[in-house]
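Everything on this sheet refers to the single structure shown next.
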Amino acid sequence: MILAAGRGERMRPLTDHTPKPLLQAGKHRLIEYHLYNLANAGFKDIVINVAWLGQQIIETLGDGSAYGLNIMYSDEGEKALETGGGIFKALPLLGDAPFLVINGDIFCDYPYTKLYNYQPEDLAHLILVDNPEHNTTGDFYLKNNKLSPSGDSKYTFSGIGIYTKAFFSGQTEPAFPLAPLIRQHLERGLISAEYYAGQWQDIGTYERLEALKKAGL
């Protein structure tokens with residue numbers, strides 16, 4: 001699943017008329033980097049959630065055949081359901097097996113073929129990266145390949161993770177953020193994680209988008 005329903009407030013006025021996932025970033029639109037990388041890694045079925053200007057995303061990407069994929073859409077209407085709520089609404093499209101979720105506004109060269117080695121012993125598995133300038137304190141501690149309430153090293157959540165349906169068990173509210181649910185489960189030792197040292201960028205601002213363009217990718 002690729003999360004693509006956000007309003008993109010920090011990217012205005014670019015996102016007033018174009019949804020952030022469709023912004024051009026070099027030779028591809030932001031979301032297309034994910035589509036090509038997933039197809040190259042052997043993924044076939046992709047779910048994309050949409051809200052703000054979502055019809056543009058649907059019309060541009062279509063059924064996914066141009067990328068060698070089968071794309072389904074989870075339409076959240078005019079107002080997005082936040083990260084957790086968006087995934088929760090799309091669960092009927094995601095099947096019963098563990099599934100991959102990627103934030104649509106990141107750029108990363110993580111080798112998705114590696115995820116085929118994931119064993120669903122935990123409720124979720126997150127990819128962590130070095131802390132960028134805009135998040136110097138990090139998000140989560142990593143200890144013995146698990147998210148931990150404490151530890152020596154704190155990293156930033158990349159926006160790439162594997163989740164099980166059980167991760168969302170008991171949820172009833174239609175809209176909710178993902179982070180509090182992650183913290184709830186990590187306290188019980190139920191979320192595994194790994195550190196990735198490769199290329200990763202959060203393309204959340206105009207300046208970061210321009211930097212990605214200048215990189216010539």
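Going through the structure tokens in order, the chains are called A, B, and so on, while each chain numbers its residues from 1 and the ligands are numbered from 1 in the order shown.
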Test item: residues at most 12 Å from region 140-144 of chain A, only C-alpha atoms, excluding those fewer than 2 positions along its chain, as a PyMOL selection string: chain A and resi 125-131+135-138+146-158+179-180+182-183+186-187+189+191-196
Write the residues you've just listed into a file as a JSON list (two decimals), in the first residue's frame, and include N, CA and C atoms for each of them.
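Dumped everything to part_27.json:
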```json
[["chain", "number", "residue", "atom", "x", "y", "z"],
["A", 125, "HIS", "N", 6.75, -4.71, 11.35],
["A", 125, "HIS", "CA", 8.20, -4.63, 11.18],
["A", 125, "HIS", "C", 8.51, -3.31, 10.50],
["A", 126, "LEU", "N", 9.30, -2.44, 11.15],
["A", 126, "LEU", "CA", 9.55, -1.11, 10.63],
["A", 126, "LEU", "C", 10.99, -0.95, 10.15],
["A", 127, "ILE", "N", 11.16, -0.12, 9.13],
["A", 127, "ILE", "CA", 12.49, 0.23, 8.64],
["A", 127, "ILE", "C", 12.86, 1.59, 9.23],
["A", 128, "LEU", "N", 14.00, 1.64, 9.91],
["A", 128, "LEU", "CA", 14.46, 2.87, 10.56],
["A", 128, "LEU", "C", 15.69, 3.41, 9.83],
["A", 129, "VAL", "N", 15.83, 4.72, 9.86],
["A", 129, "VAL", "CA", 16.95, 5.38, 9.17],
["A", 129, "VAL", "C", 17.60, 6.40, 10.10],
["A", 130, "ASP", "N", 18.75, 6.93, 9.66],
["A", 130, "ASP", "CA", 19.42, 7.97, 10.43],
["A", 130, "ASP", "C", 18.52, 9.20, 10.56],
["A", 131, "ASN", "N", 18.69, 9.93, 11.65],
["A", 131, "ASN", "CA", 17.84, 11.09, 11.91],
["A", 131, "ASN", "C", 18.23, 12.26, 11.01],
["A", 135, "ASN", "N", 14.46, 16.13, 12.10],
["A", 135, "ASN", "CA", 13.99, 15.22, 13.15],
["A", 135, "ASN", "C", 15.21, 14.67, 13.90],
["A", 136, "THR", "N", 15.98, 15.57, 14.47],
["A", 136, "THR", "CA", 17.27, 15.19, 15.06],
["A", 136, "THR", "C", 17.15, 14.28, 16.28],
["A", 137, "THR", "N", 16.01, 14.32, 16.97],
["A", 137, "THR", "CA", 15.85, 13.49, 18.16],
["A", 137, "THR", "C", 15.35, 12.09, 17.85],
["A", 138, "GLY", "N", 14.95, 11.83, 16.59],
["A", 138, "GLY", "CA", 14.51, 10.50, 16.21],
["A", 138, "GLY", "C", 13.11, 10.17, 16.68],
["A", 146, "LYS", "N", 14.33, -5.03, 17.79],
["A", 146, "LYS", "CA", 12.97, -4.70, 18.19],
["A", 146, "LYS", "C", 12.88, -3.21, 18.49],
["A", 147, "LEU", "N", 11.69, -2.64, 18.28],
["A", 147, "LEU", "CA", 11.45, -1.31, 18.81],
["A", 147, "LEU", "C", 11.40, -1.42, 20.32],
["A", 148, "SER", "N", 12.02, -0.47, 20.99],
["A", 148, "SER", "CA", 12.13, -0.54, 22.45],
["A", 148, "SER", "C", 11.76, 0.79, 23.08],
["A", 149, "PRO", "N", 11.21, 0.77, 24.30],
["A", 149, "PRO", "CA", 10.90, 2.02, 25.00],
["A", 149, "PRO", "C", 12.15, 2.80, 25.38],
["A", 150, "SER", "N", 13.30, 2.13, 25.40],
["A", 150, "SER", "CA", 14.55, 2.80, 25.77],
["A", 150, "SER", "C", 15.71, 2.11, 25.06],
["A", 151, "GLY", "N", 16.87, 2.74, 25.10],
["A", 151, "GLY", "CA", 18.03, 2.15, 24.46],
["A", 151, "GLY", "C", 19.11, 3.19, 24.20],
["A", 152, "ASP", "N", 20.16, 2.78, 23.53],
["A", 152, "ASP", "CA", 21.29, 3.67, 23.25],
["A", 152, "ASP", "C", 21.12, 4.43, 21.94],
["A", 153, "SER", "N", 20.42, 3.84, 20.99],
["A", 153, "SER", "CA", 20.32, 4.44, 19.66],
["A", 153, "SER", "C", 18.86, 4.68, 19.30],
["A", 154, "LYS", "N", 18.57, 5.93, 18.94],
["A", 154, "LYS", "CA", 17.21, 6.30, 18.54],
["A", 154, "LYS", "C", 17.24, 6.75, 17.09],
["A", 155, "TYR", "N", 16.35, 6.18, 16.29],
["A", 155, "TYR", "CA", 16.34, 6.43, 14.85],
["A", 155, "TYR", "C", 15.00, 7.00, 14.41],
["A", 156, "THR", "N", 14.97, 7.41, 13.15],
["A", 156, "THR", "CA", 13.75, 7.94, 12.54],
["A", 156, "THR", "C", 13.02, 6.84, 11.78],
["A", 157, "PHE", "N", 11.72, 6.80, 11.94],
["A", 157, "PHE", "CA", 10.90, 5.86, 11.17],
["A", 157, "PHE", "C", 10.88, 6.32, 9.72],
["A", 158, "SER", "N", 11.22, 5.43, 8.83],
["A", 158, "SER", "CA", 11.37, 5.78, 7.41],
["A", 158, "SER", "C", 10.04, 5.98, 6.69],
["A", 179, "ALA", "N", 1.28, 6.49, 14.69],
["A", 179, "ALA", "CA", 2.35, 6.49, 15.70],
["A", 179, "ALA", "C", 1.90, 6.02, 17.09],
["A", 180, "PRO", "N", 0.75, 6.50, 17.63],
["A", 180, "PRO", "CA", 0.35, 6.03, 18.96],
["A", 180, "PRO", "C", 0.11, 4.52, 19.02],
["A", 182, "ILE", "N", 1.67, 2.28, 17.14],
["A", 182, "ILE", "CA", 3.01, 1.68, 17.14],
["A", 182, "ILE", "C", 3.58, 1.69, 18.55],
["A", 183, "ARG", "N", 3.48, 2.82, 19.24],
["A", 183, "ARG", "CA", 4.04, 2.93, 20.59],
["A", 183, "ARG", "C", 3.32, 1.99, 21.56],
["A", 186, "LEU", "N", 4.78, -1.50, 20.79],
["A", 186, "LEU", "CA", 6.20, -1.67, 21.11],
["A", 186, "LEU", "C", 6.40, -1.87, 22.60],
["A", 187, "GLU", "N", 5.54, -1.30, 23.42],
["A", 187, "GLU", "CA", 5.62, -1.50, 24.86],
["A", 187, "GLU", "C", 5.47, -2.97, 25.22],
["A", 189, "GLY", "N", 6.57, -5.34, 23.19],
["A", 189, "GLY", "CA", 7.63, -6.06, 22.49],
["A", 189, "GLY", "C", 7.16, -6.77, 21.25],
["A", 191, "ILE", "N", 6.85, -5.40, 18.06],
["A", 191, "ILE", "CA", 7.22, -4.79, 16.78],
["A", 191, "ILE", "C", 8.72, -4.95, 16.54],
["A", 192, "SER", "N", 9.08, -5.65, 15.49],
["A", 192, "SER", "CA", 10.47, -5.79, 15.11],
["A", 192, "SER", "C", 10.87, -4.63, 14.21],
["A", 193, "ALA", "N", 12.17, -4.45, 14.02],
["A", 193, "ALA", "CA", 12.64, -3.33, 13.22],
["A", 193, "ALA", "C", 14.05, -3.60, 12.74],
["A", 194, "GLU", "N", 14.47, -2.81, 11.76],
["A", 194, "GLU", "CA", 15.83, -2.89, 11.26],
["A", 194, "GLU", "C", 16.30, -1.50, 10.86],
["A", 195, "TYR", "N", 17.60, -1.32, 10.91],
["A", 195, "TYR", "CA", 18.21, -0.05, 10.52],
["A", 195, "TYR", "C", 18.68, -0.14, 9.08],
["A", 196, "TYR", "N", 18.36, 0.91, 8.29],
["A", 196, "TYR", "CA", 18.79, 0.96, 6.90],
["A", 196, "TYR", "C", 19.67, 2.19, 6.70]]
```
Neighbour list for Thr172 (chain A) as a list in words, cut-off 12 Å, only C-alpha atoms, skip fewer than 6 positions in-chain: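 Contacts, in chain order: Gly84, Gly85, Phe88 and Lys89 of chain A.
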All helix (DSSP H, G or I) positions in region 52-134 of chain A, as an MDAnalysis selection string: chainID A and resid 54:61 65:67 82:94 112:117 133:134
For the selection just defined, write its residues with C-alpha atoms to a file, as a compact mmCIF listing (two decimals), in the first residue's frame.
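File written: part_5.txt
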```
# COMPACT_ATOMS: atom_id res chain seq x y z
CA GLY A 54 -7.60 11.93 -5.55
CA GLN A 55 -9.28 11.66 -8.92
CA GLN A 56 -6.13 13.09 -10.51
CA ILE A 57 -4.10 10.22 -9.05
CA ILE A 58 -6.61 7.65 -10.27
CA GLU A 59 -6.73 9.13 -13.77
CA THR A 60 -2.93 9.46 -14.01
CA LEU A 61 -1.95 6.01 -12.74
CA SER A 65 -0.64 -1.77 -16.17
CA ALA A 66 1.78 0.89 -17.44
CA TYR A 67 4.00 0.02 -14.48
CA GLU A 82 -4.85 10.10 8.82
CA THR A 83 -2.18 7.44 8.40
CA GLY A 84 -3.62 4.75 10.65
CA GLY A 85 -7.21 5.31 9.57
CA GLY A 86 -6.23 5.19 5.91
CA ILE A 87 -4.61 1.79 6.29
CA PHE A 88 -7.48 0.54 8.45
CA LYS A 89 -10.06 1.50 5.82
CA ALA A 90 -8.06 -0.30 3.12
CA LEU A 91 -7.73 -3.59 5.03
CA PRO A 92 -10.43 -5.35 2.95
CA LEU A 93 -8.27 -4.71 -0.14
CA LEU A 94 -5.04 -5.86 1.48
CA TYR A 112 12.19 -4.32 -1.28
CA THR A 113 13.20 -7.84 -2.31
CA LYS A 114 14.69 -8.13 1.17
CA LEU A 115 11.21 -7.99 2.66
CA TYR A 116 10.40 -11.41 1.28
CA ASN A 117 12.47 -12.78 4.17
CA GLU A 133 18.02 17.61 10.17
CA HIS A 134 14.27 18.10 10.64
```
Near-Glu78 (chain A) list (12 Å; only C-alpha atoms; drop same-chain fewer than 6 positions) as number ranges by chain: A: 5-7, 49-55
Go ahead and save the picked residues with N, CA and C atoms, as a tab-separated table (two decimals), in the first residue's frame.
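part.tsv was written with the following content:
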```tsv
chain	number	residue	atom	x	y	z
A	5	ALA	N	-2.94	10.08	0.44
A	5	ALA	CA	-4.18	10.84	0.64
A	5	ALA	C	-3.98	12.20	1.28
A	6	GLY	N	-2.76	12.52	1.69
A	6	GLY	CA	-2.53	13.76	2.43
A	6	GLY	C	-2.74	15.02	1.61
A	7	ARG	N	-2.99	16.10	2.31
A	7	ARG	CA	-3.26	17.40	1.67
A	7	ARG	C	-1.98	18.07	1.17
A	49	ASN	N	-4.27	4.80	-1.29
A	49	ASN	CA	-5.40	5.55	-0.73
A	49	ASN	C	-5.35	6.98	-1.26
A	50	VAL	N	-6.51	7.54	-1.52
A	50	VAL	CA	-6.61	8.88	-2.09
A	50	VAL	C	-7.66	9.69	-1.34
A	51	ALA	N	-7.47	11.00	-1.35
A	51	ALA	CA	-8.46	11.93	-0.78
A	51	ALA	C	-8.36	13.24	-1.55
A	52	TRP	N	-7.46	14.15	-1.09
A	52	TRP	CA	-7.32	15.45	-1.75
A	52	TRP	C	-6.93	15.29	-3.22
A	53	LEU	N	-7.77	15.79	-4.11
A	53	LEU	CA	-7.52	15.71	-5.56
A	53	LEU	C	-7.24	14.27	-5.99
A	54	GLY	N	-7.87	13.34	-5.30
A	54	GLY	CA	-7.60	11.93	-5.55
A	54	GLY	C	-7.92	11.46	-6.95
A	55	GLN	N	-8.91	12.08	-7.58
A	55	GLN	CA	-9.28	11.66	-8.92
A	55	GLN	C	-8.13	11.86	-9.90
```
Long-range neighbours of Ile46 (chain A) as a VMD selection string, 12 Å cut-off, only C-alpha atoms, 5 positions minimum in chain: chain A and resid 1 to 3 31 34 to 36 38 to 39 61 to 65 67 to 74 90 93 to 95 99 to 102
Every residue of region 52-108 of chain A that DSSP places in strand (DSSP E), as a PyMOL selection string: chain A and resi 70-75+99-103+106-108
Output C-alpha atoms for every residue in the selection just made, as a PDB file, in the first residue's frame.
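Result file again38.pdb:
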```pdb
ATOM      1  CA  ASN A  70      -2.388  -4.035 -10.606  1.00  0.00           C
ATOM      2  CA  ILE A  71      -3.478  -0.893  -8.731  1.00  0.00           C
ATOM      3  CA  MET A  72      -6.580  -0.678  -6.547  1.00  0.00           C
ATOM      4  CA  TYR A  73      -7.733   2.518  -4.861  1.00  0.00           C
ATOM      5  CA  SER A  74      -9.113   3.221  -1.412  1.00  0.00           C
ATOM      6  CA  ASP A  75     -11.034   6.487  -1.706  1.00  0.00           C
ATOM      7  CA  PHE A  99       1.422  -6.290   3.815  1.00  0.00           C
ATOM      8  CA  LEU A 100       3.904  -3.535   3.036  1.00  0.00           C
ATOM      9  CA  VAL A 101       3.007   0.137   3.541  1.00  0.00           C
ATOM     10  CA  ILE A 102       5.059   3.049   2.160  1.00  0.00           C
ATOM     11  CA  ASN A 103       4.590   6.762   2.757  1.00  0.00           C
ATOM     12  CA  ILE A 106       9.486   9.748   0.767  1.00  0.00           C
ATOM     13  CA  PHE A 107      12.323   8.843  -1.573  1.00  0.00           C
ATOM     14  CA  CYS A 108      14.265   5.716  -0.641  1.00  0.00           C
TER      15      CYS A 108
END
```
Residue with smallest distance to Pro21 (chain A) - pool A:Ala124, A:Arg208, A:Ala166, A:Ile203, counting only C-alpha atoms: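 Between A:Ala124, A:Arg208, A:Ala166, A:Ile203, the residue approaching Pro21 (chain A) most closely is A:Ile203.
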Nearest candidate to Pro98 (chain A) (options A:Pro174, A:Gly161, A:Pro120, A:Pro111; using only C-alpha atoms):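 Residue with the minimum atom-to-atom distance to Pro98 (chain A): A:Pro120.
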Point-to-point distance in Å for CA of Tyr110 (chain A) and CA of Trp200 (chain A):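 Separating CA of Trp200 (chain A) from CA of Tyr110 (chain A) is a distance of 8.1 Å.
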Point-to-point distance in Å for CA of Ala97 (chain A) and CA of Ala197 (chain A):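 Pair CA of Ala197 (chain A) / CA of Ala97 (chain A) returns 27.5 Å.
The interatomic distance for the pair CA of Leu22 (chain A) and CA of Ala4 (chain A) works out to 9.4 Å.
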